[in-house]
>>> print(open('start.csv').read())   # CSV, C-alpha atoms and all ligand atoms
chain,number,residue,atom,x,y,z
X,1,MET,CA,86.6,100.5,124.4
X,2,ARG,CA,88.3,103.9,124.2
X,3,SER,CA,92.1,104.0,123.9
X,4,TYR,CA,94.8,106.6,123.7
X,5,HIS,CA,98.4,106.5,122.5
X,6,LEU,CA,100.7,109.0,124.1
X,7,ILE,CA,104.3,110.0,123.5
X,8,ALA,CA,106.3,110.7,126.7
X,9,PRO,CA,109.6,112.6,126.0
X,10,ALA,CA,112.7,112.3,128.2
X,11,LYS,CA,114.4,115.4,129.7
X,12,ILE,CA,117.9,116.6,130.2
X,13,ASN,CA,119.1,119.2,132.7
X,14,LEU,CA,120.8,122.2,131.0
X,15,TYR,CA,121.4,123.5,134.5
X,16,LEU,CA,121.2,122.0,138.0
X,17,GLU,CA,122.2,124.0,141.1
X,18,ILE,CA,121.7,122.7,144.6
X,19,ILE,CA,121.1,125.7,146.9
X,20,GLY,CA,120.0,124.3,150.2
X,21,ASP,CA,118.1,121.8,152.3
X,22,ARG,CA,114.4,121.5,152.9
X,23,HIS,CA,112.5,120.4,155.9
X,24,ASP,CA,110.9,117.5,153.9
X,25,GLY,CA,114.3,116.0,153.3
X,26,TYR,CA,114.5,117.2,149.7
X,27,HIS,CA,116.8,119.9,148.3
X,28,GLU,CA,116.1,123.4,147.2
X,29,LEU,CA,117.1,123.5,143.6
X,30,ALA,CA,117.5,125.9,140.7
X,31,MET,CA,117.3,124.0,137.4
X,32,ILE,CA,116.7,124.4,133.7
X,33,LEU,CA,114.9,121.4,132.3
X,34,GLN,CA,114.7,120.6,128.6
X,35,SER,CA,112.6,118.0,126.7
X,36,ILE,CA,114.3,115.8,124.1
X,37,GLU,CA,112.8,113.8,121.3
X,38,LEU,CA,113.8,110.4,122.7
X,39,ALA,CA,110.5,109.2,124.2
X,40,ASP,CA,108.5,106.3,125.6
X,41,GLN,CA,105.2,105.4,124.0
X,42,ILE,CA,102.3,104.7,126.4
X,43,ASP,CA,99.0,103.0,125.4
X,44,LEU,CA,96.0,103.4,127.6
X,45,GLU,CA,92.8,101.5,127.2
X,46,ALA,CA,89.7,101.4,129.3
X,47,ASN,CA,89.0,97.9,130.8
X,48,ASP,CA,85.9,96.5,132.5
X,49,VAL,CA,87.6,94.9,135.4
X,50,GLN,CA,87.8,97.9,137.7
X,51,SER,CA,91.5,97.7,138.2
X,52,ILE,CA,94.8,98.9,136.8
X,53,ARG,CA,96.7,96.4,134.6
X,54,LEU,CA,100.3,97.3,133.6
X,55,ARG,CA,102.7,95.6,131.1
X,56,SER,CA,105.9,96.7,129.5
X,57,ASP,CA,108.3,95.5,126.8
X,58,SER,CA,111.2,96.3,129.2
X,59,LYS,CA,112.6,93.8,131.7
X,60,GLU,CA,114.4,96.6,133.6
X,61,ILE,CA,111.4,98.1,135.3
X,62,PRO,CA,108.9,96.7,137.7
X,63,VAL,CA,105.3,96.2,136.4
X,64,ASP,CA,103.7,96.3,139.9
X,65,LYS,CA,102.5,99.0,142.2
X,66,SER,CA,106.0,100.5,142.5
X,67,ASN,CA,105.9,101.6,138.8
X,68,LEU,CA,105.4,105.3,138.6
X,69,ALA,CA,102.9,104.9,135.8
X,70,TYR,CA,100.8,102.6,138.0
X,71,ARG,CA,101.1,105.1,140.9
X,72,ALA,CA,99.8,107.8,138.5
X,73,ALA,CA,96.7,105.7,137.6
X,74,ASP,CA,96.2,104.9,141.3
X,75,LEU,CA,96.3,108.6,142.2
X,76,MET,CA,93.6,109.4,139.6
X,77,ILE,CA,91.4,106.6,141.1
X,78,GLN,CA,91.8,108.2,144.6
X,79,GLU,CA,91.1,111.7,143.3
X,80,PHE,CA,88.2,110.8,140.9
X,81,PRO,CA,86.4,107.8,142.4
X,82,ASP,CA,83.1,108.6,140.6
X,83,SER,CA,84.8,108.7,137.2
X,84,PHE,CA,86.6,105.4,138.0
X,85,ALA,CA,83.2,103.9,138.9
X,86,THR,CA,81.7,105.2,135.6
X,87,TYR,CA,84.5,104.5,133.2
X,88,GLY,CA,86.1,101.4,134.8
X,89,GLY,CA,89.8,100.5,135.1
X,90,VAL,CA,92.7,101.1,132.7
X,91,ASP,CA,95.2,98.8,130.9
X,92,ILE,CA,98.6,100.5,130.5
X,93,THR,CA,101.2,99.4,128.1
X,94,LEU,CA,104.7,101.0,128.4
X,95,HIS,CA,107.0,100.8,125.3
X,96,LYS,CA,110.2,101.8,127.0
X,97,ARG,CA,112.8,103.6,124.8
X,98,ILE,CA,114.3,105.9,127.4
X,99,PRO,CA,117.2,104.3,129.3
X,100,VAL,CA,116.2,103.5,132.9
X,101,ALA,CA,117.7,105.2,136.0
X,102,ALA,CA,119.7,107.4,133.7
X,103,GLY,CA,118.9,111.0,134.9
X,104,LEU,CA,116.4,111.3,132.0
X,105,ALA,CA,113.1,111.3,134.0
X,106,GLY,CA,111.9,108.1,132.3
X,107,GLY,CA,109.6,107.1,135.1
X,108,SER,CA,108.4,110.7,135.6
X,109,THR,CA,107.4,111.2,132.0
X,110,ASP,CA,105.5,107.8,131.9
X,111,ALA,CA,103.6,109.0,135.0
X,112,ALA,CA,102.8,112.4,133.3
X,113,ALA,CA,101.5,110.5,130.3
X,114,VAL,CA,99.2,108.4,132.4
X,115,LEU,CA,97.7,111.5,134.1
X,116,VAL,CA,97.1,113.2,130.7
X,117,GLY,CA,95.7,109.9,129.2
X,118,ILE,CA,93.3,109.2,132.1
X,119,ASP,CA,92.1,112.8,132.0
X,120,LEU,CA,91.1,112.1,128.4
X,121,LEU,CA,89.7,108.6,129.0
X,122,TRP,CA,87.5,109.9,131.8
X,123,LYS,CA,86.6,113.2,130.1
X,124,LEU,CA,87.7,115.2,133.1
X,125,GLY,CA,88.8,118.3,131.3
X,126,LEU,CA,91.6,119.1,133.7
X,127,THR,CA,93.7,122.2,133.1
X,128,LYS,CA,97.5,122.1,132.7
X,129,SER,CA,97.9,123.5,136.1
X,130,GLU,CA,95.5,121.0,137.7
X,131,LEU,CA,97.4,118.2,136.0
X,132,GLU,CA,100.7,119.7,137.3
X,133,GLU,CA,99.4,119.8,140.8
X,134,LEU,CA,98.5,116.1,140.7
X,135,ALA,CA,101.9,115.4,139.1
X,136,ALA,CA,103.7,117.1,142.0
X,137,GLN,CA,102.3,114.4,144.3
X,138,LEU,CA,104.1,111.8,142.3
X,139,GLY,CA,107.6,113.3,142.0
X,140,SER,CA,109.6,116.5,141.5
X,141,ASP,CA,110.2,116.0,137.7
X,142,VAL,CA,106.6,114.9,136.9
X,143,PRO,CA,105.0,118.4,136.6
X,144,PHE,CA,107.6,119.5,134.1
X,145,CYS,CA,107.0,116.4,132.0
X,146,ILE,CA,103.4,117.4,131.4
X,147,GLY,CA,104.1,120.5,129.3
X,148,GLY,CA,107.8,120.0,128.7
X,149,GLY,CA,109.8,122.2,126.4
X,150,THR,CA,112.3,124.4,128.1
X,151,ALA,CA,111.6,125.6,131.7
X,152,ILE,CA,113.2,127.0,134.9
X,153,ALA,CA,112.3,124.7,137.8
X,154,THR,CA,112.8,125.8,141.4
X,155,ARG,CA,112.0,124.6,144.9
X,156,ARG,CA,112.0,120.8,144.6
X,157,GLY,CA,111.7,121.2,140.8
X,158,GLU,CA,107.9,121.6,140.8
X,159,ILE,CA,107.7,125.4,140.4
X,160,LEU,CA,107.9,126.0,136.7
X,161,SER,CA,108.6,129.1,134.5
X,162,PRO,CA,108.5,128.3,130.8
X,163,LEU,CA,111.2,129.7,128.6
X,164,SER,CA,111.2,130.2,124.9
X,165,GLY,CA,111.6,126.9,123.2
X,166,LEU,CA,115.0,125.9,121.7
X,167,ARG,CA,114.9,124.7,118.1
X,168,GLY,CA,117.5,123.1,115.8
X,169,ILE,CA,119.8,121.9,118.5
X,170,TYR,CA,120.9,118.3,118.5
X,171,ILE,CA,122.4,116.1,121.2
X,172,VAL,CA,124.4,112.9,121.4
X,173,LEU,CA,123.3,111.0,124.5
X,174,ALA,CA,125.6,108.4,126.0
X,175,LYS,CA,124.8,105.9,128.7
X,176,TYR,CA,126.4,102.6,129.8
X,177,ARG,CA,123.5,100.1,129.9
X,178,SER,CA,124.7,98.3,133.0
X,179,LEU,CA,125.6,101.4,134.9
X,180,SER,CA,123.0,103.2,137.1
X,181,VAL,CA,123.3,105.9,139.7
X,182,SER,CA,120.9,106.2,142.6
X,183,THR,CA,119.4,109.7,142.7
X,184,ALA,CA,119.1,109.5,146.5
X,185,TRP,CA,122.8,108.5,146.8
X,186,ALA,CA,123.9,111.4,144.6
X,187,TYR,CA,121.9,114.0,146.6
X,188,ASN,CA,122.9,112.5,150.0
X,189,THR,CA,126.6,112.4,149.1
X,190,TYR,CA,126.4,116.0,147.9
X,191,ARG,CA,124.8,117.0,151.2
X,192,SER,CA,127.5,115.3,153.2
X,193,GLU,CA,130.4,116.8,151.1
X,194,PHE,CA,129.0,120.3,150.3
X,195,GLY,CA,126.2,120.8,153.0
X,196,HIS,CA,128.4,123.5,154.6
X,197,THR,CA,128.0,125.7,151.5
X,198,TYR,CA,124.1,125.5,151.7
X,199,ILE,CA,122.2,128.7,152.1
X,200,LYS,CA,120.3,128.5,155.4
X,201,ASP,CA,117.9,131.4,155.7
X,202,THR,CA,114.6,131.3,153.8
X,203,GLU,CA,114.8,134.8,152.3
X,204,SER,CA,118.3,134.2,150.8
X,205,LEU,CA,117.2,130.8,149.5
X,206,ALA,CA,114.2,132.4,147.7
X,207,ALA,CA,116.5,135.1,146.3
X,208,ARG,CA,119.0,132.6,145.0
X,209,GLY,CA,116.2,130.6,143.4
X,210,ASN,CA,114.9,133.8,141.7
X,211,ALA,CA,118.4,134.7,140.6
X,212,VAL,CA,118.4,131.9,138.0
X,213,HIS,CA,115.7,133.8,136.1
X,214,SER,CA,118.1,136.5,135.2
X,215,GLY,CA,121.2,134.3,134.9
X,216,ASP,CA,123.5,134.1,131.9
X,217,ILE,CA,122.2,130.8,130.6
X,218,VAL,CA,118.6,132.0,130.6
X,219,GLN,CA,119.6,135.0,128.6
X,220,ALA,CA,121.4,132.7,126.2
X,221,ILE,CA,118.3,130.6,125.9
X,222,THR,CA,116.2,133.7,125.2
X,223,ARG,CA,118.6,134.6,122.4
X,224,GLN,CA,118.6,131.0,121.1
X,225,ASP,CA,122.4,131.1,121.3
X,226,ALA,CA,123.4,127.5,121.4
X,227,LYS,CA,127.1,128.2,121.8
X,228,GLU,CA,126.6,130.4,124.8
X,229,ILE,CA,124.1,127.9,126.3
X,230,ALA,CA,126.7,125.2,126.1
X,231,GLN,CA,129.3,127.3,127.8
X,232,LYS,CA,127.0,128.2,130.7
X,233,MET,CA,125.6,124.7,131.3
X,234,HIS,CA,126.2,123.5,134.9
X,235,ASN,CA,125.4,120.5,137.1
X,236,ASP,CA,126.4,120.4,140.8
X,237,LEU,CA,125.9,116.7,141.0
X,238,GLU,CA,128.9,116.1,138.7
X,239,LYS,CA,131.0,117.0,141.7
X,240,VAL,CA,130.0,113.8,143.4
X,241,VAL,CA,129.2,111.5,140.5
X,242,LEU,CA,132.3,112.0,138.3
X,243,PRO,CA,134.9,111.1,141.0
X,244,GLU,CA,132.9,107.9,142.0
X,245,TYR,CA,132.0,106.7,138.4
X,246,PRO,CA,135.1,107.0,136.2
X,247,GLN,CA,133.1,105.7,133.2
X,248,VAL,CA,130.9,108.8,133.4
X,249,LEU,CA,134.0,111.1,133.5
X,250,GLN,CA,135.5,109.1,130.5
X,251,LEU,CA,132.3,109.9,128.5
X,252,LYS,CA,132.6,113.6,129.2
X,253,GLU,CA,136.3,113.6,128.3
X,254,SER,CA,135.7,111.6,125.1
X,255,PHE,CA,132.9,114.0,123.9
X,256,ALA,CA,135.2,117.0,124.6
X,257,LYS,CA,137.7,115.8,122.0
X,258,TYR,CA,135.1,116.2,119.2
X,259,ASP,CA,133.5,119.2,117.4
X,260,ILE,CA,130.7,119.8,120.0
X,261,LEU,CA,129.3,122.9,121.7
X,262,GLY,CA,129.6,121.5,125.2
X,263,THR,CA,129.0,118.4,127.3
X,264,MET,CA,127.3,117.7,130.6
X,265,MET,CA,125.9,114.9,132.8
X,266,SER,CA,122.1,114.9,133.0
X,267,GLY,CA,120.5,115.0,136.4
X,268,SER,CA,122.1,112.6,138.8
X,269,GLY,CA,123.5,110.7,135.8
X,270,PRO,CA,125.0,108.5,134.6
X,271,SER,CA,123.9,109.6,131.1
X,272,VAL,CA,126.1,112.3,129.5
X,273,PHE,CA,125.1,114.4,126.6
X,274,ALA,CA,126.9,116.6,124.0
X,275,LEU,CA,125.2,119.6,122.5
X,276,CYS,CA,125.8,119.8,118.7
X,277,GLU,CA,124.9,122.5,116.3
X,278,SER,CA,123.4,120.2,113.6
X,279,GLN,CA,122.1,116.7,113.1
X,280,GLU,CA,125.1,116.0,110.8
X,281,LYS,CA,127.6,117.0,113.5
X,282,ALA,CA,125.8,114.9,116.1
X,283,GLU,CA,125.9,111.8,113.8
X,284,GLN,CA,129.6,112.3,113.2
X,285,VAL,CA,130.2,112.6,117.0
X,286,LYS,CA,128.2,109.4,117.6
X,287,PHE,CA,130.2,107.6,114.9
X,288,SER,CA,133.5,108.8,116.4
X,289,MET,CA,132.4,107.8,120.0
X,290,ARG,CA,131.5,104.3,118.8
X,291,GLU,CA,134.9,103.9,117.2
X,292,GLU,CA,136.6,105.1,120.3
X,293,ILE,CA,134.5,103.0,122.7
X,294,PRO,CA,133.4,99.9,120.9
X,295,ASP,CA,132.0,98.5,124.1
X,296,MET,CA,128.4,97.4,123.2
X,297,ASP,CA,127.3,98.1,126.8
X,298,LEU,CA,127.5,101.8,125.8
X,299,GLU,CA,124.2,103.1,124.3
X,300,LEU,CA,124.5,106.1,122.0
X,301,PHE,CA,121.5,108.1,120.7
X,302,VAL,CA,121.3,111.2,118.4
X,303,THR,CA,118.2,113.2,119.3
X,304,ARG,CA,117.1,116.8,119.4
X,305,LEU,CA,115.7,119.4,121.8
X,306,ILE,CA,112.0,119.8,121.5
X,307,THR,CA,109.4,122.3,122.6
X,308,HIS,CA,106.7,120.0,124.0
X,309,GLY,CA,105.9,117.5,126.7
X,310,ILE,CA,103.3,114.7,126.6
X,311,GLN,CA,101.6,114.4,123.2
X,312,VAL,CA,98.5,112.4,122.3
X,313,VAL,CA,98.9,110.5,119.0
X,314,ASN,CA,95.3,109.7,118.2
X,401,LIG,P1,115.0,111.2,137.3
X,401,LIG,O1,115.8,111.9,136.2
X,401,LIG,O2,113.6,111.8,137.4
X,401,LIG,O3,115.8,111.2,138.6
X,401,LIG,P2,115.8,108.7,136.3
X,401,LIG,O4,115.8,108.9,134.7
X,401,LIG,O5,117.1,108.8,136.9
X,401,LIG,O6,114.8,109.7,136.9
X,401,LIG,P3,114.0,106.5,136.1
X,401,LIG,O7,114.3,106.0,134.7
X,401,LIG,O8,112.7,107.2,136.3
X,401,LIG,O9,115.2,107.3,136.6
X,401,LIG,O10,114.1,105.2,137.1
X,401,LIG,C1,114.3,105.4,138.4
X,401,LIG,C2,113.8,104.1,139.2
X,401,LIG,O11,112.4,104.1,139.1
X,401,LIG,C3,114.3,102.8,138.6
X,401,LIG,O12,114.9,102.1,139.6
X,401,LIG,C4,113.1,102.1,138.0
X,401,LIG,O13,113.1,100.8,138.3
X,401,LIG,C5,111.9,102.8,138.8
X,401,LIG,N1,110.7,103.0,137.9
X,401,LIG,C6,109.5,102.9,138.3
X,401,LIG,N2,108.6,103.1,137.3
X,401,LIG,C7,109.3,103.3,136.2
X,401,LIG,C8,109.0,103.6,134.9
X,401,LIG,N3,107.7,103.7,134.4
X,401,LIG,N4,110.0,103.8,134.0
X,401,LIG,C9,111.3,103.8,134.4
X,401,LIG,N5,111.7,103.5,135.7
X,401,LIG,C10,110.7,103.3,136.6
>>> encode(input="start.csv", output="structure tokens")
Amino acid sequence: MRSYHLIAPAKINLYLEIIGDRHDGYHELAMILQSIELADQIDLEANDVQSIRLRSDSKEIPVDKSNLAYRAADLMIQEFPDSFATYGGVDITLHKRIPVAAGLAGGSTDAAAVLVGIDLLWKLGLTKSELEELAAQLGSDVPFCIGGGTAIATRRGEILSPLSGLRGIYIVLAKYRSLSVSTAWAYNTYRSEFGHTYIKDTESLAARGNAVHSGDIVQAITRQDAKEIAQKMHNDLEKVVLPEYPQVLQLKESFAKYDILGTMMSGSGPSVFALCESQEKAEQVKFSMREEIPDMDLELFVTRLITHGIQVVN
């Protein structure tokens, strides 16, 4: 039986601006997404039972049809029924390392890995943009997770413009294990509190989405200027999450005391990261944070920005 092992990196948001409402209930966004080395591992193996079987070493995620990795495999079966008939079903094993419901696109990157893996198992030869199109049917963050790196993401997050990859920048990532924030809650609360500021007409919406391409943070990324990137980071969802979740605010305030370049909540939270100019600095910050907050519910990781998305190991 053929099998593939894939690495599925998490992402952080260096920038997240909510610019308006969409008819499909989602928001118009202008974001900068960034892959990080912290990753899940996904094993895929062809089976001869003509079905999808999923298991995971994590008790925090469902292993039924609601799992995004399962939904990705199911989508491939719907799209390529002849290949499914020829090659059979697939056994999926998820080794979860990315904290769940953390604003790190854990489910999205698993789904992206399953699309890439089944493309290989079934010898489909899909292009990156074909994979991204399939990915967009599963969720807004899934297309980015395919190629990863650093990219501007607009509309729902599925329209991607790659930026030059950032190298040599480390982050400390902090997340309270037992704390999770519903992405739907964060966006709905933002709408009810800040909906009056939304851009309404289609042309201005498109113009605002395009404006991010020439924004300060994009220029800083082009120059690989980590200090400037840290100063220009922004996340609109902090406006609703920080007042409601004091622990998230506390993480930002604690990080800010140390020798870091900048700190920000990722996506809809509750994970918070601190950008650091070296691995040594990041390790020092992690050590100081652990001393300051000895609560073992707090998970701390040192990881770095990377220039790729899904990778096949074998
Ligand atoms: P995003 O940053 O894309 O909003 P997130 O990091 O906040 O995502 P996930 O870790 O993807 O959130 O989890 C969101 C929800 O999806 C959880 O309630 C989880 O149970 C469910 N879920 C389904 N499949 C997976 C998966 N493969 N990995 C993690 N969570 C999954």
>>> residues_around(input="start.csv", residues="Tyr198 (chain X)", least_positions_apart="3", cutoff="6 Å", atoms="only C-alpha atoms", output="list in words")
Ile19, Gly20 and Gly195 of chain X
>>> write_last_selection(input="start.csv", atoms="C-alpha atoms", output="tab-separated table (two decimals), keeping the file's coordinate frame")
chain	number	residue	atom	x	y	z
X	19	ILE	CA	121.10	125.70	146.90
X	20	GLY	CA	120.00	124.30	150.20
X	195	GLY	CA	126.20	120.80	153.00
>>> closest_atom_pairs(input="start.csv", of="chain X", to="ligand LIG 401 (chain X)", cutoff="10 Å", atoms="all atoms listed in the file", output="CSV")
residue,atom,partner,partner_atom,distance
X:Ala10,CA,X:LIG401,O4,8.0
X:Lys11,CA,X:LIG401,O1,7.5
X:Ile12,CA,X:LIG401,O1,7.9
X:Asn13,CA,X:LIG401,O1,8.7
X:Asp40,CA,X:LIG401,N4,8.9
X:Ile42,CA,X:LIG401,N3,9.7
X:Leu54,CA,X:LIG401,N3,9.8
X:Ser56,CA,X:LIG401,N3,8.7
X:Ser58,CA,X:LIG401,N4,9.0
X:Lys59,CA,X:LIG401,O13,9.6
X:Glu60,CA,X:LIG401,O13,6.4
X:Ile61,CA,X:LIG401,O13,4.4
X:Pro62,CA,X:LIG401,O13,5.9
X:Val63,CA,X:LIG401,N2,7.7
X:Asp64,CA,X:LIG401,N2,8.8
X:Lys65,CA,X:LIG401,N2,8.8
X:Ser66,CA,X:LIG401,C6,6.0
X:Asn67,CA,X:LIG401,N2,3.4
X:Leu68,CA,X:LIG401,N2,4.1
X:Ala69,CA,X:LIG401,N3,5.1
X:Tyr70,CA,X:LIG401,N2,7.8
X:Arg71,CA,X:LIG401,N2,8.6
X:Ala72,CA,X:LIG401,N3,9.8
X:Leu94,CA,X:LIG401,N3,7.2
X:His95,CA,X:LIG401,N3,9.6
X:Lys96,CA,X:LIG401,N4,7.3
X:Arg97,CA,X:LIG401,N4,9.6
X:Ile98,CA,X:LIG401,O7,7.3
X:Pro99,CA,X:LIG401,O7,6.4
X:Val100,CA,X:LIG401,O7,3.6
X:Ala101,CA,X:LIG401,O9,3.3
X:Ala102,CA,X:LIG401,O4,4.3
X:Gly103,CA,X:LIG401,O5,3.5
X:Leu104,CA,X:LIG401,O4,3.7
X:Ala105,CA,X:LIG401,O2,3.5
X:Gly106,CA,X:LIG401,O7,4.0
X:Gly107,CA,X:LIG401,O8,3.3
X:Ser108,CA,X:LIG401,O8,5.6
X:Thr109,CA,X:LIG401,N3,7.9
X:Asp110,CA,X:LIG401,N3,5.3
X:Ala111,CA,X:LIG401,N3,6.7
X:Val114,CA,X:LIG401,N3,9.9
X:Gly139,CA,X:LIG401,O2,7.7
X:Ser140,CA,X:LIG401,O2,7.4
X:Asp141,CA,X:LIG401,O2,5.4
X:Val142,CA,X:LIG401,O2,7.7
X:Cys145,CA,X:LIG401,O2,9.7
X:Ser180,CA,X:LIG401,O5,8.1
X:Val181,CA,X:LIG401,O5,7.4
X:Ser182,CA,X:LIG401,O5,7.3
X:Thr183,CA,X:LIG401,O3,5.7
X:Ala184,CA,X:LIG401,O3,8.7
X:Ser266,CA,X:LIG401,O1,7.7
X:Gly267,CA,X:LIG401,O1,5.6
X:Ser268,CA,X:LIG401,O3,6.5
X:Gly269,CA,X:LIG401,O5,6.8
X:Pro270,CA,X:LIG401,O5,8.2
X:Ser271,CA,X:LIG401,O4,8.9
>>> closest_residue(input="start.csv", among="X:Ala282, X:Met289, X:Ala186, X:Met296", to="Tyr245 (chain X)", atoms="all atoms listed in the file")
X:Ala186
>>> residues_around(input="start.csv", residues="region 123-136 of chain X", least_positions_apart="5", cutoff="10 Å", atoms="only C-alpha atoms", output="ChimeraX atom specification")
/X:72,75-76,79-80,83,87,108-109,111-112,115-118,141-147,156-160
>>> residues_around(input="start.csv", residues="Leu300 (chain X)", least_positions_apart="6", cutoff="8 Å", atoms="all atoms listed in the file", output="list in words")
Val172, Leu173, Ala174, Lys175, Lys286 and Arg290 of chain X
>>> residues_around(input="start.csv", residues="His196 (chain X)", least_positions_apart="4", cutoff="12 Å", atoms="all atoms listed in the file", output="PyMOL selection string")
chain X and resi 19-21+190-192+200
>>> atom_distance(input="start.csv", atom1="CA of Leu16 (chain X)", atom2="CA of Glu283 (chain X)")
26.7 Å
>>> atom_distance(input="start.csv", atom1="CA of Ala151 (chain X)", atom2="CA of Arg22 (chain X)")
21.8 Å
>>> atom_distance(input="start.csv", atom1="CA of Val302 (chain X)", atom2="CA of Glu17 (chain X)")
26.1 Å
>>> closest_residue(input="start.csv", among="X:Asp82, X:Asp236, X:Asp48, X:Glu28", to="Arg2 (chain X)", atoms="all atoms listed in the file")
X:Asp48
>>> residues_around(input="start.csv", residues="Ile306 (chain X)", least_positions_apart="4", cutoff="9 Å", atoms="only C-alpha atoms", output="list in words")
Pro9, Gln34, Ser35, Ile36, Glu37, Gly148, Gly149, Thr150, Gly165, Leu166, Arg167, Gly168 and Ile169 of chain X
>>> residues_near_point(input="start.csv", point="(126.4, 101.0, 127.7)", cutoff="6 Å", atoms="all atoms listed in the file", output="MDAnalysis selection string")
chainID X and resid 175:177 297:299
>>> closest_residue(input="start.csv", among="X:Ser254, X:Gln137, X:Thr202, X:Asn235", to="Met31 (chain X)", atoms="only C-alpha atoms")
X:Asn235
>>> closest_residue(input="start.csv", among="X:Asn314, X:Gln224, X:Gln50, X:Thr263", to="Gln250 (chain X)", atoms="all atoms listed in the file")
X:Thr263
>>> closest_residue(input="start.csv", among="X:Asp295, X:Glu228, X:Asp74, X:Asp91", to="Leu14 (chain X)", atoms="all atoms listed in the file")
X:Glu228
>>> closest_residue(input="start.csv", among="X:Glu292, X:Leu138, X:Thr189, X:Leu120", to="Pro243 (chain X)", atoms="only C-alpha atoms")
X:Thr189
>>> decode(input="start.csv", residues="region 246-260 of chain X", atoms="N, CA and C atoms", output="PDB file, in the first residue's frame")
ATOM      1  N   PRO X 246      -9.492  38.576  29.691  1.00  0.00           N
ATOM      2  CA  PRO X 246      -8.361  39.243  30.362  1.00  0.00           C
ATOM      3  C   PRO X 246      -7.066  38.441  30.307  1.00  0.00           C
ATOM      4  N   GLN X 247      -7.162  37.101  30.205  1.00  0.00           N
ATOM      5  CA  GLN X 247      -5.923  36.298  30.154  1.00  0.00           C
ATOM      6  C   GLN X 247      -5.129  36.572  28.877  1.00  0.00           C
ATOM      7  N   VAL X 248      -5.860  36.872  27.800  1.00  0.00           N
ATOM      8  CA  VAL X 248      -5.181  37.159  26.526  1.00  0.00           C
ATOM      9  C   VAL X 248      -4.477  38.513  26.616  1.00  0.00           C
ATOM     10  N   LEU X 249      -5.181  39.476  27.211  1.00  0.00           N
ATOM     11  CA  LEU X 249      -4.594  40.808  27.420  1.00  0.00           C
ATOM     12  C   LEU X 249      -3.348  40.691  28.303  1.00  0.00           C
ATOM     13  N   GLN X 250      -3.457  39.863  29.340  1.00  0.00           N
ATOM     14  CA  GLN X 250      -2.332  39.675  30.273  1.00  0.00           C
ATOM     15  C   GLN X 250      -1.106  39.120  29.543  1.00  0.00           C
ATOM     16  N   LEU X 251      -1.329  38.198  28.582  1.00  0.00           N
ATOM     17  CA  LEU X 251      -0.196  37.635  27.831  1.00  0.00           C
ATOM     18  C   LEU X 251       0.492  38.732  27.028  1.00  0.00           C
ATOM     19  N   LYS X 252      -0.305  39.595  26.387  1.00  0.00           N
ATOM     20  CA  LYS X 252       0.282  40.689  25.595  1.00  0.00           C
ATOM     21  C   LYS X 252       1.084  41.623  26.499  1.00  0.00           C
ATOM     22  N   GLU X 253       0.485  41.957  27.669  1.00  0.00           N
ATOM     23  CA  GLU X 253       1.162  42.884  28.587  1.00  0.00           C
ATOM     24  C   GLU X 253       2.454  42.272  29.133  1.00  0.00           C
ATOM     25  N   SER X 254       2.414  40.973  29.400  1.00  0.00           N
ATOM     26  CA  SER X 254       3.626  40.316  29.922  1.00  0.00           C
ATOM     27  C   SER X 254       4.721  40.304  28.870  1.00  0.00           C
ATOM     28  N   PHE X 255       4.381  39.888  27.643  1.00  0.00           N
ATOM     29  CA  PHE X 255       5.371  39.876  26.556  1.00  0.00           C
ATOM     30  C   PHE X 255       6.021  41.257  26.398  1.00  0.00           C
ATOM     31  N   ALA X 256       5.170  42.313  26.500  1.00  0.00           N
ATOM     32  CA  ALA X 256       5.651  43.674  26.216  1.00  0.00           C
ATOM     33  C   ALA X 256       6.753  44.117  27.180  1.00  0.00           C
ATOM     34  N   LYS X 257       6.860  43.450  28.337  1.00  0.00           N
ATOM     35  CA  LYS X 257       7.890  43.837  29.329  1.00  0.00           C
ATOM     36  C   LYS X 257       9.282  43.377  28.907  1.00  0.00           C
ATOM     37  N   TYR X 258       9.335  42.408  27.976  1.00  0.00           N
ATOM     38  CA  TYR X 258      10.635  41.803  27.653  1.00  0.00           C
ATOM     39  C   TYR X 258      11.224  42.369  26.368  1.00  0.00           C
ATOM     40  N   ASP X 259      12.431  41.867  26.039  1.00  0.00           N
ATOM     41  CA  ASP X 259      13.176  42.385  24.901  1.00  0.00           C
ATOM     42  C   ASP X 259      12.667  41.743  23.599  1.00  0.00           C
ATOM     43  N   ILE X 260      11.504  42.201  23.159  1.00  0.00           N
ATOM     44  CA  ILE X 260      10.883  41.639  21.949  1.00  0.00           C
ATOM     45  C   ILE X 260      10.702  42.762  20.924  1.00  0.00           C
TER      46      ILE X 260
END
